[in-house]
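Since the structure comes first, as structure tokens, the remarks are kept for the end.
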Amino acid sequence: MTHPTPTTSGPLHTTAEAAPAGADVVLYTTSVDSRIAVRTLATLRDFATQQGWTVTHEAYDLAPLHLPARLRTGWRTVEHLLATGEAAGLVVPAEHEVATTPAEQTALREWLLSLPAFAAYPHAGHHRTLPPVSEPSDAPVSVLTAPVDRERSQSYAMTPAGLRRLRNDARMRLTLLRWPGDIVTAVEVLSRLAYNAAAHARPADEALARMTVRLAVTEDRFRTCLAHAICN
């Protein structure tokens with residue numbers, strides 16, 4: 001049995017490589033806030049469309065992550081759709097929204113492979129602490145050392161087209177990362193920072209100039225969204 005491998009670009013997947021173009025998929029998420037759930041489903045819908053899949057069903061549960069999936073009404077509907085073949089694939093922000101423990105994750109993967117059905121996770125959560133970066137020494141300690149709850153990294157060309165893609169991706173990623181702040185303002189600030197980087201920090205070889213942008217939501221009480229760009 002193969003296990004999905006986290007990546008920093010593209011979806012985390014279980015047998016998603018075999019997904020045919022136009023495959024019927026079901027979208028699923030869980031949240032304690034219906035507005036966030038609806039917004040997340042809209043973002044998942046855009047993601048699925050970009051992959052060439054057809055969204056036939058959408059479901060969400062108003063439940064915390066620690067509530068076992070088997071006890072959620074929406075997830076039981078998703079299970080039925082996949083088991084009966086009404087949907088060939090599952091799109092969820094991250095695997096831990098359905099299976100929180102290693103044993104549950106193994107069981108989920110084995111079940112999907114047995115159907116067979118594929119699963120795509122546009123966001124794979126990584127719980128860790130940000131490594132030291134070049135923030136000013138007087139920056140708040142919470143920003144420098146707070147454990148990261150969810151994050152996403154992506155590389156972009158330092159060109160007008162790359163900056164446009166960055167704006168679009170940032171809007172989608174912040175939604176999937178479930179950052180509770182003002183996403184429109186955050187994207188505007190990030191795009192200005194990226195523009196400045198492209199204008200003033202572009203390497204001599206412009207043909208290969210790229211920047212890596214990391215968006216991260218910390219676990220501290222401020223629910224901070226960190227944006228870290230590295231030019232190369």
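Note on naming: chains are A, B, ... as they come in the structure tokens, residues start from 1 per chain, ligands start from 1 in the order shown.
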Query raised in the report: Which residues, written as a list in words, have at least one atom at most 12 Å from Arg39 (chain A), with only C-alpha atoms counted and residues fewer than 6 positions away on the same chain left out?
Result: Tyr28, Thr29, Thr30, Ser31, Asp33, Arg45, Asp46, Tyr60, Pro93, Arg171, Met172, Arg173, Leu174, Thr175, Leu176, Leu177, Arg178, Trp179, Pro180 and Ile183 of chain A
Query raised in the report: Which parts of region 28-190 of chain A does DSSP call strand (DSSP E or B) when run on the backbone here, written out as a count of residues only?
Result: 33
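Using only C-alpha atoms for every distance, the candidate list A:Ala83, A:Ala194, A:Ala21, A:Val92 yields A:Val92 as the residue closest to Ala42 (chain A).
Take CA of Val217 (chain A) and CA of Glu151 (chain A): the distance between them is 6.2 Å.
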Requested in this report: Enumerate, as a PyMOL selection string, the complete set of residues in region 49-191 of chain A that a backbone-based DSSP assignment places in alpha helix (DSSP H).
Outcome: chain A and resi 49-50+73-83+102-114+141-145+160-176+183-191
Query raised in the report: Residues at most 12 Å from Val189 (chain A), counting only C-alpha atoms, excluding those fewer than 4 positions away in the same chain, as a VMD selection string?
Result: chain A and resid 166 to 167 170 to 171 182 to 185 193 to 196 225 to 227
Okay, now the selection with C-alpha atoms, as a PDB file, in the first residue's frame?
ATOM      1  CA  LEU A 166       0.655  34.693  -6.433  1.00  0.00           C
ATOM      2  CA  ARG A 167      -2.372  36.898  -5.726  1.00  0.00           C
ATOM      3  CA  ALA A 170      -2.774  33.482  -1.817  1.00  0.00           C
ATOM      4  CA  ARG A 171      -6.522  34.085  -1.764  1.00  0.00           C
ATOM      5  CA  ASP A 182      -9.150  39.966   6.527  1.00  0.00           C
ATOM      6  CA  ILE A 183      -8.054  37.915   3.518  1.00  0.00           C
ATOM      7  CA  VAL A 184      -8.568  40.717   0.968  1.00  0.00           C
ATOM      8  CA  THR A 185      -6.274  43.053   2.901  1.00  0.00           C
ATOM      9  CA  LEU A 193       5.661  42.953  -0.731  1.00  0.00           C
ATOM     10  CA  ALA A 194       6.098  40.564  -3.641  1.00  0.00           C
ATOM     11  CA  TYR A 195       6.149  43.464  -6.117  1.00  0.00           C
ATOM     12  CA  ASN A 196       8.853  45.190  -4.089  1.00  0.00           C
ATOM     13  CA  CYS A 225      -0.702  34.890   9.439  1.00  0.00           C
ATOM     14  CA  LEU A 226       2.983  34.956   8.490  1.00  0.00           C
ATOM     15  CA  ALA A 227       4.248  35.558   4.982  1.00  0.00           C
TER      16      ALA A 227
END
Report task. Extract, using only C-alpha atoms, all DNA, RNA and protein residues at most 12 Å from Pro68 (chain A), discarding same-chain residues fewer than 5 positions from it, and format them as a ChimeraX atom specification. Result -> /A:30,61,63,73-76,96-101,104-105
